[in-house]
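What follows is a single structure, written as structure tokens, with notes after it.
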Amino acid sequence: MKRPRPTSPPSISSTVKPPLSPPVTPILKQKLHRTGTPKWFPLKLTHTELTLPLTFPTGQTFRWKKTGAIQYSGTIGPHLVSLRQRPGDDAVSYCVHCSTSPKSAELALLDFLNAEISLAELWSDFSKKDPRFGELARHLRGARVLRQDPLECLIQFLCSSNNNIARITKMVDFVSSLGLHLGDIDGFEFHQFPSLDRLSRVSEEEFRKAGFGYRAKYITGTVNALQAKPGGGNEWLLSLRKVELQEAVAALCTLPGVGPKVAACIALFSLDQHSAIPVDTHVWQIATNYLLPDLAGAKLTPKLHGRVAEAFVSKYGEYAGWAQTLLFIAELPAQKTLLQSFSQPINKLDESAEVNETSCDTLKP
């Protein structure tokens with residue numbers, strides 16, 4: 001199922017202290033190389049292993065921007081990169097715009113994309129267990145689960161709580177702007193994600209003035225809690241990649257503003273907890289329609305969250321979170337339209353259901 005994981009490049013944290021407003025470009029302590037004319041290279045991931053529109057604008061991350069027809073750009077540590085897919089090209093291509101080392105950027109990108117995991121093998125296994133999944137996967141190939149930096153993922157999902165896409169993106173852009181500026185692409189500014197130390201120098205009042213509302217206290221409280229961890233907050237978060245899912249979720253839930261649903265998102269999208277199932281009302285509807293029909297019409301309660309997660313794991317196994325991600329994506333409006341265009345209709349959820357566009361939260365307009 002897995003290919004050997006490439007050695008991850010060492011993380012480089014910004015230790016500079018720019019003022020909050022406006023953020024300024026800090027003095028570099030690492031040498032960054034900025035390219036002139038973009039040079040594109042094959043990433044050795046085919047369209048069946050990675051489809052950009054089924055991976056980036058699906059609520060896993062809010063820091064990557066669409067910068068071309070089928071092109072997305074973002075930062076991974078100190079690396080600013082773009083990914084694109086073009087008709088006729090079998091492989092996805094990448095371009096490094098700014099980096100400490102082009103080779104390190106490639107390794108970081110492969111790690112971020114969970115490239116060691118064969119999507120074809122997973123989809124084949126899931127399809128044997130669930131014919132409906134096999135039909136969906138035939139039309140929605142290449143929907144990968146990302147392996148994000150845990151701190152970056154945590155802060156993004158603190159912003160996502162009871163929020164809408166536009167506002168989440170605005171908040172995440174504000175947080176990002178506190179980090180090292182790496183470059184501009186297609187009118188978007190890109191920054192290295194700020195360090196814990198930099199985040200600790202932003203007050204709750206400053207976050208509130210930036211439009212974070214009640215989430216401001218959760219972000220400052222979580223940053224303070226992480227800084228108090230023995231060995232450091234980043235190390236503590238990374239250590240959760242080595243424990244069982246239940247322990248990881250319980251540990252995350254000790255942080256201000258993190259409940260079981262947000263914890264499951266962080267676990268799945270950054271902590272190698274591939275069986276984590278983020279349960280919201282839409283995942284609940286998928287579960288009651290196809291996995292737990294006896295619970296149809298019941299109200300989702302904290303106790304039933306566990307039953308939903310167990311049902312997904314029982315059906316799909318240790319990578320159930322990847323299966324749930326595709327089933328969720330299939331319910332997004334754009335993908336529903338695509339699926340309905342095929343001659344063999346696929347069972348859909350109740351058309352009256354409101355479908356959001358984030359993997360972990362109920363969005364409001």
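Chain identifiers are assigned as A, B, and so on, following the order in which chains appear in the structure tokens; residues are numbered from 1 within each chain, and ligands are numbered from 1 in order of appearance.
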I'd like the neighbourhood of region 87-104 of chain A as number ranges by chain, where a residue qualifies if any of its atoms comes within 6 Å (using only C-alpha atoms), though same-chain residues fewer than 6 positions away should be ignored. A: 9, 31-35, 39-43, 45-46, 78-81
How close does region 116-146 of chain A get to region 325-328 of chain A? List, as a tab-separated table, each residue of region 116-146 of chain A within 10 Å, its nearest atom pair and the distance in Å to one decimal, counting only C-alpha atoms.
```
residue	atom	partner	partner_atom	distance
A:Trp123	CA	A:Leu326	CA	9.9
A:Arg132	CA	A:Leu327	CA	9.7
A:Phe133	CA	A:Leu327	CA	7.5
A:Leu136	CA	A:Leu327	CA	7.9
A:Ala137	CA	A:Leu326	CA	7.8
A:Leu140	CA	A:Leu326	CA	7.8
A:Arg141	CA	A:Leu326	CA	8.9
A:Gly142	CA	A:Leu326	CA	9.4
A:Ala143	CA	A:Leu326	CA	6.4
A:Arg144	CA	A:Thr325	CA	8.3
A:Val145	CA	A:Thr325	CA	7.5
```
Residue neighbourhood Phe112 (chain A), 7 Å, only C-alpha atoms, exclusion window fewer than 2 positions, as an MDAnalysis selection string: chainID A and resid 108:110 114 146:148
For region 124-128 of chain A, list every protein, DNA or RNA residue within 12 Å, evaluated using only C-alpha atoms, and leave out those in the same chain fewer than 5 positions away; present the list as a CSV table (one decimal) with all heavy atoms, in the first residue's frame.
```
chain,number,residue,atom,x,y,z
A,1,MET,N,0.8,-1.2,0.0
A,1,MET,CA,0.0,0.0,0.0
A,1,MET,C,0.9,1.3,0.0
A,1,MET,O,0.5,2.3,-0.6
A,1,MET,CB,-0.9,0.0,1.2
A,1,MET,CG,-2.0,1.0,1.2
A,1,MET,SD,-3.3,0.5,0.1
A,1,MET,CE,-4.1,-0.8,1.1
A,48,THR,N,-4.4,9.7,-12.1
A,48,THR,CA,-5.2,8.7,-11.2
A,48,THR,C,-4.7,8.8,-9.8
A,48,THR,O,-5.4,8.4,-8.9
A,48,THR,CB,-5.0,7.3,-11.8
A,48,THR,OG1,-3.6,7.0,-11.8
A,48,THR,CG2,-5.6,7.1,-13.1
A,118,SER,N,-0.4,4.7,-2.3
A,118,SER,CA,-0.9,4.4,-3.7
A,118,SER,C,-2.4,4.6,-3.7
A,118,SER,O,-3.1,3.7,-3.1
A,118,SER,CB,-0.5,3.0,-4.1
A,118,SER,OG,-1.2,2.7,-5.3
A,119,LEU,N,-2.9,5.6,-4.3
A,119,LEU,CA,-4.3,5.8,-4.4
A,119,LEU,C,-5.0,4.7,-5.2
A,119,LEU,O,-6.1,4.2,-4.9
A,119,LEU,CB,-4.6,7.2,-5.0
A,119,LEU,CG,-5.9,7.9,-4.6
A,119,LEU,CD1,-6.0,8.1,-3.1
A,119,LEU,CD2,-6.0,9.2,-5.3
A,133,PHE,N,-18.8,2.9,-4.0
A,133,PHE,CA,-17.5,3.6,-4.0
A,133,PHE,C,-16.8,3.4,-5.3
A,133,PHE,O,-16.2,4.4,-5.9
A,133,PHE,CB,-16.6,3.1,-2.9
A,133,PHE,CG,-15.4,3.9,-2.7
A,133,PHE,CD1,-15.3,5.0,-1.8
A,133,PHE,CD2,-14.3,3.6,-3.6
A,133,PHE,CE1,-14.1,5.7,-1.7
A,133,PHE,CE2,-13.1,4.4,-3.5
A,133,PHE,CZ,-13.0,5.4,-2.6
A,134,GLY,N,-16.8,2.2,-5.8
A,134,GLY,CA,-16.1,1.9,-7.1
A,134,GLY,C,-16.7,2.7,-8.2
A,134,GLY,O,-15.9,3.2,-9.1
A,135,GLU,N,-18.0,2.9,-8.3
A,135,GLU,CA,-18.6,3.7,-9.3
A,135,GLU,C,-18.2,5.2,-9.2
A,135,GLU,O,-17.9,5.8,-10.2
A,135,GLU,CB,-20.1,3.6,-9.3
A,135,GLU,CG,-20.9,4.3,-10.4
A,135,GLU,CD,-20.6,3.7,-11.8
A,135,GLU,OE1,-20.1,2.6,-11.9
A,135,GLU,OE2,-20.9,4.4,-12.8
A,136,LEU,N,-18.2,5.7,-8.0
A,136,LEU,CA,-17.8,7.1,-7.8
A,136,LEU,C,-16.3,7.3,-8.1
A,136,LEU,O,-15.9,8.2,-8.8
A,136,LEU,CB,-18.0,7.4,-6.3
A,136,LEU,CG,-19.4,7.6,-5.8
A,136,LEU,CD1,-19.5,7.7,-4.3
A,136,LEU,CD2,-20.1,8.8,-6.5
A,137,ALA,N,-15.5,6.3,-7.7
A,137,ALA,CA,-14.0,6.4,-7.9
A,137,ALA,C,-13.7,6.4,-9.4
A,137,ALA,O,-12.7,7.0,-9.8
A,137,ALA,CB,-13.3,5.3,-7.2
A,138,ARG,N,-14.5,5.8,-10.2
A,138,ARG,CA,-14.3,5.7,-11.6
A,138,ARG,C,-14.3,7.1,-12.3
A,138,ARG,O,-13.6,7.4,-13.2
A,138,ARG,CB,-15.4,4.8,-12.3
A,138,ARG,CG,-14.9,3.9,-13.4
A,138,ARG,CD,-15.9,2.8,-13.7
A,138,ARG,NE,-17.2,3.2,-13.9
A,138,ARG,CZ,-17.8,3.7,-15.0
A,138,ARG,NH1,-17.0,3.9,-16.0
A,138,ARG,NH2,-19.0,4.0,-15.1
A,141,ARG,N,-11.4,10.2,-9.8
A,141,ARG,CA,-10.0,9.7,-9.5
A,141,ARG,C,-9.1,10.8,-9.0
A,141,ARG,O,-9.2,11.9,-9.5
A,141,ARG,CB,-9.5,8.9,-10.7
A,141,ARG,CG,-10.2,7.7,-11.1
A,141,ARG,CD,-9.6,7.1,-12.3
A,141,ARG,NE,-9.7,8.0,-13.5
A,141,ARG,CZ,-9.2,7.7,-14.7
A,141,ARG,NH1,-8.6,6.5,-14.9
A,141,ARG,NH2,-9.3,8.5,-15.7
A,312,PHE,N,-17.6,3.5,9.3
A,312,PHE,CA,-16.7,3.8,8.2
A,312,PHE,C,-15.5,2.8,8.3
A,312,PHE,O,-15.1,2.3,7.3
A,312,PHE,CB,-16.2,5.2,8.2
A,312,PHE,CG,-17.2,6.1,7.4
A,312,PHE,CD1,-18.1,6.9,8.1
A,312,PHE,CD2,-17.0,6.3,6.0
A,312,PHE,CE1,-19.0,7.7,7.4
A,312,PHE,CE2,-17.9,7.1,5.3
A,312,PHE,CZ,-18.9,7.8,6.0
A,313,VAL,N,-14.9,2.7,9.5
A,313,VAL,CA,-13.7,1.9,9.7
A,313,VAL,C,-14.1,0.4,9.4
A,313,VAL,O,-13.3,-0.4,8.8
A,313,VAL,CB,-13.1,2.0,11.1
A,313,VAL,CG1,-12.0,1.0,11.3
A,313,VAL,CG2,-12.6,3.5,11.2
A,314,SER,N,-15.3,0.0,9.9
A,314,SER,CA,-15.7,-1.4,9.7
A,314,SER,C,-15.8,-1.7,8.2
A,314,SER,O,-15.5,-2.8,7.7
A,314,SER,CB,-17.0,-1.7,10.4
A,314,SER,OG,-17.5,-2.9,10.1
A,315,LYS,N,-16.3,-0.7,7.4
A,315,LYS,CA,-16.5,-0.9,6.0
A,315,LYS,C,-15.2,-0.8,5.2
A,315,LYS,O,-15.0,-1.6,4.3
A,315,LYS,CB,-17.5,0.2,5.5
A,315,LYS,CG,-17.9,0.0,4.0
A,315,LYS,CD,-18.9,-1.1,3.9
A,315,LYS,CE,-19.5,-1.1,2.5
A,315,LYS,NZ,-20.5,-2.2,2.3
A,316,TYR,N,-14.4,0.2,5.5
A,316,TYR,CA,-13.3,0.5,4.6
A,316,TYR,C,-11.9,0.2,5.2
A,316,TYR,O,-10.9,0.2,4.5
A,316,TYR,CB,-13.3,2.0,4.2
A,316,TYR,CG,-14.6,2.3,3.5
A,316,TYR,CD1,-15.6,3.1,4.1
A,316,TYR,CD2,-14.8,1.9,2.2
A,316,TYR,CE1,-16.7,3.4,3.4
A,316,TYR,CE2,-16.0,2.2,1.5
A,316,TYR,CZ,-16.9,3.0,2.1
A,316,TYR,OH,-18.1,3.3,1.5
A,317,GLY,N,-11.8,-0.1,6.5
A,317,GLY,CA,-10.5,-0.4,7.1
A,317,GLY,C,-9.7,0.7,7.6
A,317,GLY,O,-10.2,1.8,7.9
A,318,GLU,N,-8.4,0.5,7.7
A,318,GLU,CA,-7.5,1.5,8.4
A,318,GLU,C,-7.3,2.8,7.6
A,318,GLU,O,-6.9,3.8,8.2
A,318,GLU,CB,-6.1,0.8,8.6
A,318,GLU,CG,-5.4,0.5,7.3
A,318,GLU,CD,-4.0,-0.1,7.6
A,318,GLU,OE1,-3.3,0.4,8.5
A,318,GLU,OE2,-3.6,-1.0,6.9
A,319,TYR,N,-7.7,2.8,6.3
A,319,TYR,CA,-7.7,4.1,5.6
A,319,TYR,C,-9.1,4.6,5.3
A,319,TYR,O,-9.3,5.3,4.3
A,319,TYR,CB,-6.9,3.8,4.2
A,319,TYR,CG,-5.4,3.8,4.4
A,319,TYR,CD1,-4.8,2.6,4.8
A,319,TYR,CD2,-4.6,4.9,4.2
A,319,TYR,CE1,-3.4,2.5,5.0
A,319,TYR,CE2,-3.3,4.9,4.4
A,319,TYR,CZ,-2.7,3.7,4.8
A,319,TYR,OH,-1.3,3.6,4.9
A,320,ALA,N,-10.0,4.4,6.3
A,320,ALA,CA,-11.3,4.8,6.1
A,320,ALA,C,-11.5,6.3,5.9
A,320,ALA,O,-12.4,6.8,5.2
A,320,ALA,CB,-12.2,4.4,7.3
A,321,GLY,N,-10.6,7.1,6.5
A,321,GLY,CA,-10.6,8.5,6.3
A,321,GLY,C,-10.5,8.9,4.9
A,321,GLY,O,-11.1,9.9,4.4
A,322,TRP,N,-9.7,8.2,4.1
A,322,TRP,CA,-9.5,8.5,2.7
A,322,TRP,C,-10.8,8.2,1.9
A,322,TRP,O,-11.2,8.9,1.0
A,322,TRP,CB,-8.4,7.7,2.1
A,322,TRP,CG,-7.0,8.2,2.6
A,322,TRP,CD1,-6.6,8.2,3.8
A,322,TRP,CD2,-6.0,8.7,1.7
A,322,TRP,NE1,-5.3,8.7,3.9
A,322,TRP,CE2,-4.9,9.0,2.6
A,322,TRP,CE3,-5.8,8.9,0.4
A,322,TRP,CZ2,-3.7,9.5,2.1
A,322,TRP,CZ3,-4.6,9.4,-0.1
A,322,TRP,CH2,-3.6,9.7,0.8
A,323,ALA,N,-11.5,7.1,2.3
A,323,ALA,CA,-12.8,6.7,1.6
A,323,ALA,C,-13.8,7.8,1.9
A,323,ALA,O,-14.5,8.2,1.0
A,323,ALA,CB,-13.2,5.3,2.1
A,324,GLN,N,-13.9,8.2,3.2
A,324,GLN,CA,-14.9,9.2,3.6
A,324,GLN,C,-14.6,10.5,2.9
A,324,GLN,O,-15.6,11.2,2.5
A,324,GLN,CB,-14.8,9.4,5.1
A,324,GLN,CG,-15.7,10.5,5.7
A,324,GLN,CD,-15.0,11.8,5.8
A,324,GLN,OE1,-13.8,11.9,5.9
A,324,GLN,NE2,-15.8,12.9,5.7
A,326,LEU,N,-13.5,10.9,-0.2
A,326,LEU,CA,-14.0,10.9,-1.6
A,326,LEU,C,-15.6,10.9,-1.5
A,326,LEU,O,-16.2,11.6,-2.4
A,326,LEU,CB,-13.6,9.7,-2.3
A,326,LEU,CG,-14.1,9.6,-3.7
A,326,LEU,CD1,-13.0,9.3,-4.8
A,326,LEU,CD2,-15.2,8.5,-3.9
A,327,LEU,N,-16.2,10.2,-0.6
A,327,LEU,CA,-17.6,10.2,-0.5
A,327,LEU,C,-18.1,11.6,-0.2
A,327,LEU,O,-19.2,12.0,-0.7
A,327,LEU,CB,-18.1,9.2,0.6
A,327,LEU,CG,-17.8,7.7,0.3
A,327,LEU,CD1,-18.1,6.9,1.5
A,327,LEU,CD2,-18.5,7.2,-1.0
```
What is the distance between CA of Thr254 (chain A) and CA of Asp111 (chain A), in Å to one decimal? 27.6 Å
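Comparing A:Asn224, A:Leu240, A:Gly77, A:Leu252 by their smallest distance to Gly179 (chain A), the closest is A:Gly77 (using only C-alpha atoms).
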May I have all residues of region 86-196 of chain A that DSSP, computed from the backbone, assigns to alpha helix (DSSP H), given as JSON, numbers by chain? {"A": [102, 103, 104, 105, 106, 107, 108, 109, 110, 111, 112, 119, 120, 121, 122, 123, 124, 125, 126, 127, 128, 129, 131, 132, 133, 134, 135, 136, 137, 138, 139, 150, 151, 152, 153, 154, 155, 156, 157, 158, 159, 160, 165, 166, 167, 168, 169, 170, 171, 172, 173, 174, 175, 176, 196]}
Choose the residue, out of A:Cys265, A:Ser73, A:Glu116, A:Thr281, that has the smallest atom-to-atom separation from Lys44 (chain A); count only C-alpha atoms. A:Glu116
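Minimum atom-to-atom distance to Leu113 (chain A), evaluated using only C-alpha atoms, belongs to A:Thr55 out of A:Thr55, A:Lys303, A:Tyr72, A:Lys170.
Taking region 102-331 of chain A and asking which residues DSSP calls strand (DSSP E) on the backbone, you get His181, Leu182, Gly183, Asp184, Ile185, Phe188, Glu189, Phe190 and His191 of chain A.
With only C-alpha atoms as the atoms that count, the minimum distance from Ser161 (chain A) to the choices A:Pro131, A:Pro260, A:Pro38, A:Pro302 is reached by A:Pro260.
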